[in-house]
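A.B. asks: Take this structure, written in structure tokens, and hold onto it; I'll ask about it next.
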Amino acid sequence: MHPRDSAGRTLMEFRRTLAAATLALTAACATTSQVKPEPVATAAPSEALVLAPHQPVTPEPPKKERDARELFAEAVAAFDAGDYARAEEGFRKVLEQAPQSLNSQFNLGIIAERQGRLADAQAAYEKVRSLAPGHVPTLLNLGRIYRVQEKYAEAIALYEAGLKVPGREHASSLLNNLTVAYRLAGKHEQAEATARRVLARNPDDAEAYKNLALVYYDQGKYRLAELVLANARKLDEKDPGIYNNLGMIYLKLEDRARALTQFQKAVSLNERFAPGYINIGAMALAWRDYAGAERSFAKAVELEPGSQDAWLYYAYALDGQKGRDAQKGLKAGEAFEKVLALRADQPDAVCGAGWAYAVERTGWDKAEGFLQRCKELGSTSAQDKQMIDAKLQGIAAMRKSGQPQPAPEEKTPNPAAVGGSGSMLDKVSDEAARQEGAPSGDATPAAPVQKAAQPGADTSTSEGGPAAEPPPEAPKTE
């Protein structure tokens, strides 16, 4: 390989790694009011009366209804076992027999989210909403899907519509999520006002304090944000999001050791808290600890398979190790392709996949395709286009001569890549605020539902899996 090509590619890869660390360090800093999916229920598609022991037994339900109950129970069991394919099949069979089973439709949305199929999840939630506009769990989960896609106007409109439903004017779950949507949309005045609206009625609402702190964080008022989070911690000292946000504040204040401690505290409180793993991985990536970053981001993508940012940073962590192990480069290419499956033509993933696959002969076919696409992107600089041309020519020459691909240069740790209040932290990515509330993998079955919640009751749901089955006419808000 020509020395100039080697040096140019090293420089390009250094810039890409630095950019990745910059983005990753600021990712997942925001936790929002939890959009907690309904737990898996043991209730059947249509509910039976609860009879006292001395009361006479009512006649058995018709066979079709009984079959739907059994299918629903089997689908719940499959979900609990992590067999999402069988659970999905079961809920679809329930819908064939009992089209009024809105929570079977809702549960299909939960499963789709678990599998990272956001379009399918959105379609499922929107169908439930069309039949039951006031079903708050659906509003919360659908709003989260909108936020993931950066459709903040749609999320705001959704929450505002939910608050107009009689009895829901003061629902803290909707107001907290509306605060998040306002903040992500850059409407900080409305966000602050909405958070204070919650606190005026519910002064012990830790989520409202968290959201208010993030508004101040966005505005650069770090000490004020820290003070507000201290109030949240007094109210809920087991909330991992509080410690995660404190970690981001300490990073801004250039206290990295304290920041890392907070991130570690967050994941110790909840081993399924993806934002904490993303931030731990980001710090490792900034210090060029690629193996450590790989471990953290691997956990993040396991927990949030629909997070394009988590997959992108995971790819960079793998890419940083290809100098020692070419297989890491091929795995990086696959991770970049995961990003592209979630967001077609994402520039960093297109270019990253090209350079990752170029590490080894078995990846050259894909490398050529991705590098050509990278070259055609409007965001690719003239210098990078020259390096791409050199790489493509090199691959072609080695194909012709039958020579193996030279091993890439190993990268050495560079502490200067770590930022404090400088380049690493000059902006806040709100990936976690968009992602917050993704269905967790450790669903806990709920008790069978016996009656509808009172109108106007808050509908923050316990963290878990699919919803309990509502009566046919209107979903329950538990």
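A note on labels: chains of the structure tokens are A, B, ... as shown, every chain counts residues from 1, and ligands are counted from 1 in their shown order.
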Report as a count of residues only all protein, DNA and RNA residues lying within 12 Å of range 192-203 of chain A, evaluated on only C-alpha atoms, omitting residues in the same chain fewer than 6 positions from it.
C.D. replies: 37
A.B. asks: Residues near Val128 in chain A, anyone? I mean within 9 Å using only C-alpha atoms, not counting same-chain ones fewer than 5 positions away, as a list in words.
C.D. replies: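 Near Val128 in chain A, the qualifying residues are Leu102, Asn103, Gln105, Phe106, Ala123, Pro133, His135, Thr138 and Pro475 of chain A.
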A.B. asks: Quick one: residues within 8 Å of Glu368 in chain A, only C-alpha atoms counted, chain neighbours fewer than 5 positions away excluded, as number ranges by chain?
C.D. replies: A: 354, 358, 392
A.B. asks: Please produce a file of those selected residues containing N, CA and C atoms, as a short mmCIF file (atom, residue, chain, number, x, y, z; two decimals), in the first residue's frame.
C.D. replies:
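Below you can see again.cif, which holds the result:
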```cif
data_model
loop_
_atom_site.label_atom_id
_atom_site.label_comp_id
_atom_site.auth_asym_id
_atom_site.auth_seq_id
_atom_site.Cartn_x
_atom_site.Cartn_y
_atom_site.Cartn_z
N GLY A 354 -18.09 0.55 4.47
CA GLY A 354 -17.11 0.41 3.39
C GLY A 354 -15.71 0.18 3.92
N ALA A 358 -13.47 -3.48 4.11
CA ALA A 358 -12.24 -3.47 3.31
C ALA A 358 -11.07 -4.14 4.02
N LEU A 392 -10.20 1.83 -3.41
CA LEU A 392 -10.82 1.01 -4.44
C LEU A 392 -9.79 0.52 -5.46
#
```
A.B. asks: Rounded to one decimal, what separation in Å do you get between CA of Asn141 in chain A and CA of Leu246 in chain A?
C.D. replies: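 Between these atoms lies a distance of 25.9 Å.
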A.B. asks: Looking at only C-alpha atoms, which of A:Ile111, A:Ile145, A:Ala73, A:Ile249 is the one that sits closest to Glu88 in chain A?
C.D. replies: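 Counting only C-alpha atoms, the residue closest to Glu88 in chain A is A:Ile111.
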A.B. asks: Work out how far apart CA of Gly281 in chain A and CA of Ala310 in chain A are and give it in Å to one decimal.
C.D. replies: 9.7 Å
A.B. asks: Where in range 267-398 of chain A does DSSP assign alpha helix (DSSP H), given as JSON, numbers by chain?
C.D. replies: {"A": [267, 268, 269, 274, 275, 276, 277, 278, 279, 280, 281, 282, 283, 284, 285, 286, 290, 291, 292, 293, 294, 295, 296, 297, 298, 299, 300, 301, 302, 303, 308, 309, 310, 311, 312, 313, 314, 315, 316, 317, 318, 319, 326, 327, 328, 329, 330, 331, 332, 333, 334, 335, 336, 337, 338, 339, 340, 341, 342, 347, 348, 349, 350, 351, 352, 353, 354, 355, 356, 357, 364, 365, 366, 367, 368, 369, 370, 371, 372, 373, 374, 375, 376, 382, 383, 384, 385, 386, 387, 388, 389, 390, 391, 392, 393, 394, 395, 396, 397, 398]}
A.B. asks: As a compact mmCIF listing (two decimals) with N, CA and C atoms, in the first residue's frame, please: the residues near Ala293 in chain A (cut-off 7 Å, only C-alpha atoms, same-chain neighbours under 6 positions excluded).
C.D. replies:
```
# COMPACT_ATOMS: atom_id res chain seq x y z
N GLY A 281 -19.88 3.07 27.64
CA GLY A 281 -19.19 2.74 26.39
C GLY A 281 -18.61 3.96 25.72
N ALA A 282 -19.32 5.08 25.81
CA ALA A 282 -18.84 6.31 25.18
C ALA A 282 -17.55 6.79 25.81
N ALA A 284 -15.37 4.88 27.32
CA ALA A 284 -14.32 3.94 26.90
C ALA A 284 -13.89 4.23 25.46
N LEU A 285 -14.85 4.53 24.60
CA LEU A 285 -14.54 4.82 23.20
C LEU A 285 -13.68 6.07 23.08
N ALA A 317 -16.80 0.74 17.94
CA ALA A 317 -15.98 0.02 18.92
C ALA A 317 -15.34 -1.22 18.29
```
